[in-house]
$ cat input02.txt   # compact mmCIF, N, CA and C atoms
# COMPACT_ATOMS: atom_id res chain seq x y z
N MET C 20 -53.26 3.33 2.84
CA MET C 20 -52.21 3.94 2.06
C MET C 20 -52.85 4.81 0.99
N VAL C 21 -52.43 6.03 0.92
CA VAL C 21 -52.97 6.98 -0.04
C VAL C 21 -52.05 7.02 -1.25
N PRO C 22 -52.59 6.80 -2.45
CA PRO C 22 -51.72 6.82 -3.63
C PRO C 22 -51.29 8.24 -3.96
N THR C 23 -50.15 8.34 -4.56
CA THR C 23 -49.67 9.65 -4.99
C THR C 23 -50.46 10.07 -6.22
N PRO C 24 -50.58 11.35 -6.46
CA PRO C 24 -51.34 11.80 -7.63
C PRO C 24 -50.74 11.24 -8.92
N GLY C 25 -51.62 10.75 -9.82
CA GLY C 25 -51.20 10.24 -11.11
C GLY C 25 -50.90 8.75 -11.10
N THR C 26 -51.06 8.08 -9.95
CA THR C 26 -50.84 6.63 -9.90
C THR C 26 -52.12 5.95 -9.41
N LEU C 27 -52.21 4.69 -9.73
CA LEU C 27 -53.37 3.91 -9.28
C LEU C 27 -53.02 3.18 -7.99
N PRO C 28 -54.01 2.99 -7.12
CA PRO C 28 -53.73 2.26 -5.89
C PRO C 28 -53.48 0.78 -6.19
N ASP C 29 -52.70 0.14 -5.35
CA ASP C 29 -52.44 -1.30 -5.47
C ASP C 29 -53.67 -2.04 -4.96
N VAL C 30 -54.34 -2.75 -5.86
CA VAL C 30 -55.57 -3.44 -5.50
C VAL C 30 -55.30 -4.52 -4.47
N ALA C 31 -54.19 -5.23 -4.60
CA ALA C 31 -53.87 -6.30 -3.65
C ALA C 31 -53.74 -5.74 -2.24
N GLU C 32 -53.18 -4.56 -2.11
CA GLU C 32 -53.04 -3.96 -0.79
C GLU C 32 -54.39 -3.52 -0.24
N SER C 33 -55.28 -3.09 -1.10
CA SER C 33 -56.56 -2.59 -0.61
C SER C 33 -57.48 -3.71 -0.15
N ILE C 34 -57.33 -4.94 -0.69
CA ILE C 34 -58.22 -6.02 -0.29
C ILE C 34 -57.54 -7.01 0.65
N ASN C 35 -56.24 -6.91 0.82
CA ASN C 35 -55.51 -7.81 1.69
C ASN C 35 -55.56 -7.28 3.11
N SER C 36 -56.05 -8.12 4.01
CA SER C 36 -56.15 -7.68 5.40
C SER C 36 -54.85 -7.86 6.15
N GLY C 37 -53.81 -8.31 5.47
CA GLY C 37 -52.53 -8.49 6.12
C GLY C 37 -52.21 -9.94 6.43
N GLY C 38 -53.21 -10.83 6.31
CA GLY C 38 -52.97 -12.23 6.62
C GLY C 38 -52.37 -13.02 5.48
N VAL C 39 -52.55 -12.55 4.26
CA VAL C 39 -52.05 -13.27 3.10
C VAL C 39 -50.74 -12.65 2.67
N LYS C 40 -49.70 -13.48 2.58
CA LYS C 40 -48.38 -12.96 2.23
C LYS C 40 -48.05 -13.07 0.75
N SER C 41 -48.66 -14.04 0.05
CA SER C 41 -48.38 -14.19 -1.38
C SER C 41 -49.67 -14.01 -2.17
N GLY C 42 -49.52 -13.88 -3.48
CA GLY C 42 -50.67 -13.66 -4.34
C GLY C 42 -51.50 -14.91 -4.58
N PHE C 43 -50.91 -16.10 -4.35
CA PHE C 43 -51.62 -17.34 -4.64
C PHE C 43 -51.77 -18.17 -3.39
N GLN C 44 -52.93 -18.78 -3.23
CA GLN C 44 -53.17 -19.67 -2.12
C GLN C 44 -53.27 -21.09 -2.64
N HIS C 45 -52.91 -22.06 -1.81
CA HIS C 45 -53.00 -23.46 -2.19
C HIS C 45 -54.47 -23.87 -2.31
N THR C 46 -54.80 -24.50 -3.42
CA THR C 46 -56.15 -25.00 -3.61
C THR C 46 -56.28 -26.35 -2.93
N PRO C 47 -57.25 -26.53 -2.06
CA PRO C 47 -57.36 -27.81 -1.36
C PRO C 47 -57.79 -28.92 -2.32
N GLU C 48 -57.40 -30.16 -2.00
CA GLU C 48 -57.77 -31.31 -2.80
C GLU C 48 -59.27 -31.58 -2.65
N LEU C 49 -59.87 -32.08 -3.73
CA LEU C 49 -61.28 -32.45 -3.67
C LEU C 49 -61.45 -33.74 -2.89
N PRO C 50 -62.59 -33.92 -2.23
CA PRO C 50 -62.82 -35.18 -1.53
C PRO C 50 -62.82 -36.35 -2.52
N GLU C 51 -62.39 -37.50 -2.05
CA GLU C 51 -62.27 -38.69 -2.90
C GLU C 51 -63.61 -39.07 -3.56
N ARG C 52 -64.70 -38.91 -2.86
CA ARG C 52 -66.00 -39.30 -3.42
C ARG C 52 -66.40 -38.43 -4.61
N TRP C 53 -65.83 -37.25 -4.75
CA TRP C 53 -66.16 -36.38 -5.89
C TRP C 53 -65.32 -36.67 -7.11
N ILE C 54 -64.17 -37.32 -6.93
CA ILE C 54 -63.29 -37.56 -8.07
C ILE C 54 -63.17 -39.04 -8.43
N ALA C 55 -63.81 -39.92 -7.69
CA ALA C 55 -63.74 -41.35 -7.96
C ALA C 55 -64.52 -41.66 -9.25
N LEU C 56 -63.83 -42.25 -10.23
CA LEU C 56 -64.47 -42.56 -11.51
C LEU C 56 -65.09 -43.94 -11.55
N TRP C 57 -64.57 -44.87 -10.76
CA TRP C 57 -65.06 -46.24 -10.82
C TRP C 57 -66.58 -46.33 -10.63
N PRO C 58 -67.16 -45.73 -9.60
CA PRO C 58 -68.61 -45.86 -9.41
C PRO C 58 -69.41 -45.29 -10.59
N VAL C 59 -68.93 -44.21 -11.17
CA VAL C 59 -69.65 -43.58 -12.28
C VAL C 59 -69.61 -44.47 -13.51
N VAL C 60 -68.44 -45.00 -13.83
CA VAL C 60 -68.32 -45.84 -15.03
C VAL C 60 -69.06 -47.16 -14.86
N VAL C 61 -68.96 -47.76 -13.69
CA VAL C 61 -69.67 -49.02 -13.44
C VAL C 61 -71.18 -48.80 -13.48
N ALA C 62 -71.65 -47.73 -12.87
CA ALA C 62 -73.09 -47.44 -12.88
C ALA C 62 -73.58 -47.14 -14.30
N GLY C 63 -72.81 -46.36 -15.05
CA GLY C 63 -73.21 -46.05 -16.42
C GLY C 63 -73.24 -47.28 -17.31
N THR C 64 -72.23 -48.14 -17.17
CA THR C 64 -72.21 -49.38 -17.95
C THR C 64 -73.38 -50.27 -17.56
N GLY C 65 -73.66 -50.33 -16.27
CA GLY C 65 -74.79 -51.13 -15.81
C GLY C 65 -76.13 -50.60 -16.33
N LEU C 66 -76.27 -49.28 -16.38
CA LEU C 66 -77.52 -48.71 -16.91
C LEU C 66 -77.68 -48.98 -18.40
N TRP C 67 -76.57 -48.91 -19.16
CA TRP C 67 -76.66 -49.26 -20.58
C TRP C 67 -77.03 -50.73 -20.75
N ALA C 68 -76.47 -51.60 -19.91
CA ALA C 68 -76.79 -53.03 -19.99
C ALA C 68 -78.26 -53.27 -19.63
N LEU C 69 -78.73 -52.58 -18.61
CA LEU C 69 -80.14 -52.71 -18.22
C LEU C 69 -81.07 -52.23 -19.33
N ALA C 70 -80.73 -51.10 -19.95
CA ALA C 70 -81.54 -50.59 -21.06
C ALA C 70 -81.54 -51.57 -22.22
N PHE C 71 -80.39 -52.19 -22.48
CA PHE C 71 -80.32 -53.19 -23.55
C PHE C 71 -81.26 -54.36 -23.25
N LEU C 72 -81.23 -54.85 -22.02
CA LEU C 72 -82.10 -55.98 -21.66
C LEU C 72 -83.57 -55.62 -21.76
N VAL C 73 -83.94 -54.44 -21.31
CA VAL C 73 -85.34 -54.01 -21.39
C VAL C 73 -85.78 -53.90 -22.85
N LEU C 74 -84.95 -53.28 -23.68
CA LEU C 74 -85.30 -53.14 -25.10
C LEU C 74 -85.32 -54.48 -25.81
N LEU C 75 -84.43 -55.38 -25.42
CA LEU C 75 -84.42 -56.71 -26.03
C LEU C 75 -85.69 -57.48 -25.69
N VAL C 76 -86.13 -57.38 -24.45
CA VAL C 76 -87.37 -58.04 -24.04
C VAL C 76 -88.55 -57.43 -24.79
N LEU C 77 -88.59 -56.10 -24.91
CA LEU C 77 -89.68 -55.45 -25.64
C LEU C 77 -89.68 -55.88 -27.11
N LYS C 78 -88.51 -56.01 -27.68
CA LYS C 78 -88.43 -56.41 -29.08
C LYS C 78 -88.89 -57.86 -29.26
N LEU C 79 -88.51 -58.73 -28.35
CA LEU C 79 -88.89 -60.13 -28.46
C LEU C 79 -90.37 -60.34 -28.19
N VAL C 80 -90.94 -59.53 -27.31
CA VAL C 80 -92.35 -59.70 -26.95
C VAL C 80 -93.27 -59.15 -28.04
N ASN C 81 -93.05 -57.91 -28.45
CA ASN C 81 -93.98 -57.33 -29.42
C ASN C 81 -93.29 -56.53 -30.53
N GLY C 82 -91.99 -56.60 -30.64
CA GLY C 82 -91.29 -55.92 -31.74
C GLY C 82 -91.31 -54.41 -31.63
N ALA C 83 -91.49 -53.87 -30.42
CA ALA C 83 -91.64 -52.43 -30.25
C ALA C 83 -90.31 -51.68 -30.28
N ALA C 84 -89.23 -52.34 -29.91
CA ALA C 84 -87.95 -51.64 -29.81
C ALA C 84 -87.29 -51.53 -31.18
N SER C 85 -86.64 -50.43 -31.40
CA SER C 85 -85.92 -50.19 -32.64
C SER C 85 -84.53 -50.82 -32.55
N ASP C 86 -84.03 -51.31 -33.67
CA ASP C 86 -82.69 -51.88 -33.70
C ASP C 86 -81.63 -50.82 -33.41
N VAL C 87 -81.91 -49.58 -33.77
CA VAL C 87 -80.94 -48.50 -33.51
C VAL C 87 -80.71 -48.36 -32.01
N TRP C 88 -81.76 -48.42 -31.21
CA TRP C 88 -81.61 -48.27 -29.77
C TRP C 88 -80.91 -49.48 -29.17
N LEU C 89 -81.16 -50.66 -29.70
CA LEU C 89 -80.45 -51.84 -29.21
C LEU C 89 -78.96 -51.70 -29.45
N TRP C 90 -78.57 -51.28 -30.65
CA TRP C 90 -77.16 -51.13 -30.97
C TRP C 90 -76.54 -49.95 -30.21
N THR C 91 -77.33 -48.94 -29.90
CA THR C 91 -76.84 -47.84 -29.08
C THR C 91 -76.48 -48.33 -27.69
N CYS C 92 -77.33 -49.19 -27.14
CA CYS C 92 -77.06 -49.76 -25.82
C CYS C 92 -75.83 -50.66 -25.85
N VAL C 93 -75.68 -51.44 -26.91
CA VAL C 93 -74.49 -52.29 -27.04
C VAL C 93 -73.24 -51.41 -27.08
N ALA C 94 -73.30 -50.31 -27.82
CA ALA C 94 -72.17 -49.40 -27.90
C ALA C 94 -71.88 -48.78 -26.53
N GLY C 95 -72.92 -48.42 -25.78
CA GLY C 95 -72.72 -47.87 -24.44
C GLY C 95 -72.05 -48.85 -23.51
N VAL C 96 -72.46 -50.11 -23.56
CA VAL C 96 -71.83 -51.14 -22.72
C VAL C 96 -70.38 -51.34 -23.17
N GLY C 97 -70.16 -51.39 -24.47
CA GLY C 97 -68.80 -51.58 -24.97
C GLY C 97 -67.87 -50.44 -24.57
N LEU C 98 -68.35 -49.21 -24.69
CA LEU C 98 -67.53 -48.06 -24.29
C LEU C 98 -67.30 -48.02 -22.78
N GLY C 99 -68.27 -48.51 -22.03
CA GLY C 99 -68.08 -48.61 -20.58
C GLY C 99 -66.95 -49.57 -20.24
N PHE C 100 -66.90 -50.70 -20.95
CA PHE C 100 -65.80 -51.65 -20.72
C PHE C 100 -64.47 -51.08 -21.18
N VAL C 101 -64.47 -50.31 -22.25
CA VAL C 101 -63.24 -49.64 -22.68
C VAL C 101 -62.78 -48.67 -21.59
N GLY C 102 -63.70 -47.92 -21.02
CA GLY C 102 -63.36 -47.00 -19.94
C GLY C 102 -62.81 -47.72 -18.72
N LEU C 103 -63.41 -48.86 -18.36
CA LEU C 103 -62.90 -49.64 -17.24
C LEU C 103 -61.50 -50.15 -17.52
N GLY C 104 -61.27 -50.57 -18.78
CA GLY C 104 -59.93 -51.03 -19.15
C GLY C 104 -58.89 -49.93 -19.05
N ILE C 105 -59.24 -48.74 -19.51
CA ILE C 105 -58.31 -47.61 -19.45
C ILE C 105 -58.01 -47.24 -17.99
N MET C 106 -59.03 -47.25 -17.15
CA MET C 106 -58.79 -46.92 -15.74
C MET C 106 -57.93 -47.98 -15.06
N THR C 107 -58.13 -49.25 -15.41
CA THR C 107 -57.28 -50.31 -14.86
C THR C 107 -55.84 -50.14 -15.33
N TRP C 108 -55.67 -49.80 -16.58
CA TRP C 108 -54.34 -49.58 -17.14
C TRP C 108 -53.64 -48.41 -16.45
N GLN C 109 -54.36 -47.31 -16.24
CA GLN C 109 -53.79 -46.15 -15.55
C GLN C 109 -53.44 -46.47 -14.10
N ARG C 110 -54.29 -47.24 -13.43
CA ARG C 110 -54.01 -47.62 -12.04
C ARG C 110 -52.76 -48.48 -11.96
N ALA C 111 -52.61 -49.41 -12.91
CA ALA C 111 -51.40 -50.25 -12.92
C ALA C 111 -50.16 -49.42 -13.19
N ALA C 112 -50.26 -48.44 -14.08
CA ALA C 112 -49.12 -47.56 -14.37
C ALA C 112 -48.76 -46.73 -13.14
N PHE C 113 -49.76 -46.28 -12.41
CA PHE C 113 -49.51 -45.50 -11.20
C PHE C 113 -48.79 -46.36 -10.16
N ARG C 114 -49.24 -47.60 -10.01
CA ARG C 114 -48.62 -48.50 -9.02
C ARG C 114 -47.19 -48.86 -9.42
N ARG C 115 -46.91 -48.92 -10.73
CA ARG C 115 -45.55 -49.17 -11.21
C ARG C 115 -44.65 -47.99 -10.97
N GLY C 116 -45.22 -46.81 -10.82
CA GLY C 116 -44.44 -45.61 -10.61
C GLY C 116 -44.16 -44.85 -11.89
N SER C 117 -44.94 -45.09 -12.93
CA SER C 117 -44.75 -44.39 -14.20
C SER C 117 -45.01 -42.90 -14.01
N LYS C 118 -44.13 -42.08 -14.56
CA LYS C 118 -44.27 -40.63 -14.40
C LYS C 118 -45.47 -40.07 -15.16
N SER C 119 -45.88 -40.75 -16.23
CA SER C 119 -46.99 -40.23 -17.04
C SER C 119 -48.34 -40.73 -16.58
N ALA C 120 -48.38 -41.56 -15.53
CA ALA C 120 -49.65 -42.13 -15.07
C ALA C 120 -50.42 -41.10 -14.24
N GLN C 121 -51.73 -41.18 -14.36
CA GLN C 121 -52.58 -40.36 -13.50
C GLN C 121 -52.61 -41.00 -12.13
N ARG C 122 -52.96 -40.22 -11.14
CA ARG C 122 -52.98 -40.77 -9.79
C ARG C 122 -54.15 -41.73 -9.63
N ALA C 123 -53.98 -42.69 -8.80
CA ALA C 123 -55.00 -43.72 -8.60
C ALA C 123 -56.19 -43.16 -7.85
N THR C 124 -57.39 -43.38 -8.39
CA THR C 124 -58.61 -42.98 -7.71
C THR C 124 -59.58 -44.10 -7.76
$ encode --input "input02.txt" --output "structure tokens"
Amino acid sequence: MVPTPGTLPDVAESINSGGVKSGFQHTPELPERWIALWPVVVAGTGLWALAFLVLLVLKLVNGAASDVWLWTCVAGVGLGFVGLGIMTWQRAAFRRGSKSAQRAT
């Protein structure tokens, strides 16, 4: 299609091969393994707990670990449990049929 003088060509027409009828296409859903939060939160909480145990052993053996790092690990484990609680709460709300609940993953 040749534009008339003084007008710009329609970009959508120039790049559309005729197969697309609307301006927007449906975005496909992501695979479940990419959006599942449970494995990430459980693994992260477990790593914080493991770091706490390693630092606690180091502190008890030779006093090498700093108290700041021990408390950081405790905070990481605590926040991991808070995250697990929130995800459990959201899953229960989804199963109840609450409109404000996120979908279960």
$ closest_atom_pairs --input "input02.txt" --of "range 46-77 of chain C" --to "range 84-101 of chain C" --cutoff "8 Å" --atoms "all atoms listed in the file" --output "CSV"
residue,atom,partner,partner_atom,distance
C:Val60,C,C:Gly99,CA,6.0
C:Val61,N,C:Gly99,CA,7.0
C:Gly63,C,C:Gly99,CA,6.3
C:Thr64,CA,C:Gly99,CA,5.0
C:Gly65,N,C:Val96,CA,6.8
C:Leu66,C,C:Val96,N,7.4
C:Trp67,C,C:Cys92,CA,5.2
C:Ala68,N,C:Val96,CA,5.4
C:Leu69,N,C:Cys92,CA,7.9
C:Ala70,C,C:Cys92,CA,6.0
C:Phe71,CA,C:Cys92,CA,5.2
C:Leu72,N,C:Cys92,CA,7.6
C:Val73,C,C:Ala84,CA,7.6
C:Leu74,C,C:Ala84,CA,5.6
C:Leu75,N,C:Leu89,CA,6.5
C:Val76,C,C:Ala84,N,7.3
C:Leu77,C,C:Ala84,N,4.5
$ closest_residue --input "input02.txt" --among "C:Leu103, C:Leu79, C:Ala112, C:Ala120" --to "Trp57 in chain C" --atoms "only N, CA and C atoms"
C:Leu103
$ atom_distance --input "input02.txt" --atom1 "atom C of Gly104 in chain C" --atom2 "CA of Lys118 in chain C"
17.9 Å
$ atom_distance --input "input02.txt" --atom1 "atom C of Met106 in chain C" --atom2 "atom C of Glu48 in chain C"
20.6 Å
$ atom_distance --input "input02.txt" --atom1 "CA of Ala111 in chain C" --atom2 "CA of Arg52 in chain C"
20.6 Å
$ axis_aligned_box --input "input02.txt" --around "range 63-77 of chain C" --padding-each-side "3 Å" --output "lines of an AutoDock Vina configuration file"
center_x = -80.9
center_y = -52.0
center_z = -21.1
size_x = 23.5
size_y = 18.0
size_z = 18.1
$ decode --input "input02.txt" --residues "range 65-84 of chain C" --atoms "C-alpha atoms" --output "short mmCIF file (atom, residue, chain, number, x, y, z; two decimals), in the first residue's frame"
data_model
loop_
_atom_site.label_atom_id
_atom_site.label_comp_id
_atom_site.auth_asym_id
_atom_site.auth_seq_id
_atom_site.Cartn_x
_atom_site.Cartn_y
_atom_site.Cartn_z
CA GLY C 65 17.15 -24.39 54.52
CA LEU C 66 20.30 -22.59 53.38
CA TRP C 67 19.88 -19.94 56.10
CA ALA C 68 19.42 -22.73 58.67
CA LEU C 69 22.51 -24.54 57.37
CA ALA C 70 24.56 -21.33 57.53
CA PHE C 71 23.35 -20.79 61.09
CA LEU C 72 24.46 -24.27 62.12
CA VAL C 73 27.87 -23.90 60.48
CA LEU C 74 28.45 -20.51 62.12
CA LEU C 75 27.23 -21.83 65.48
CA VAL C 76 29.68 -24.73 65.32
CA LEU C 77 32.51 -22.36 64.35
CA LYS C 78 31.62 -20.07 67.23
CA LEU C 79 31.49 -22.91 69.75
CA VAL C 80 34.74 -24.47 68.54
CA ASN C 81 36.99 -21.44 68.27
CA GLY C 82 34.86 -18.28 68.58
CA ALA C 83 35.48 -17.34 64.93
CA ALA C 84 31.91 -16.49 63.97
#
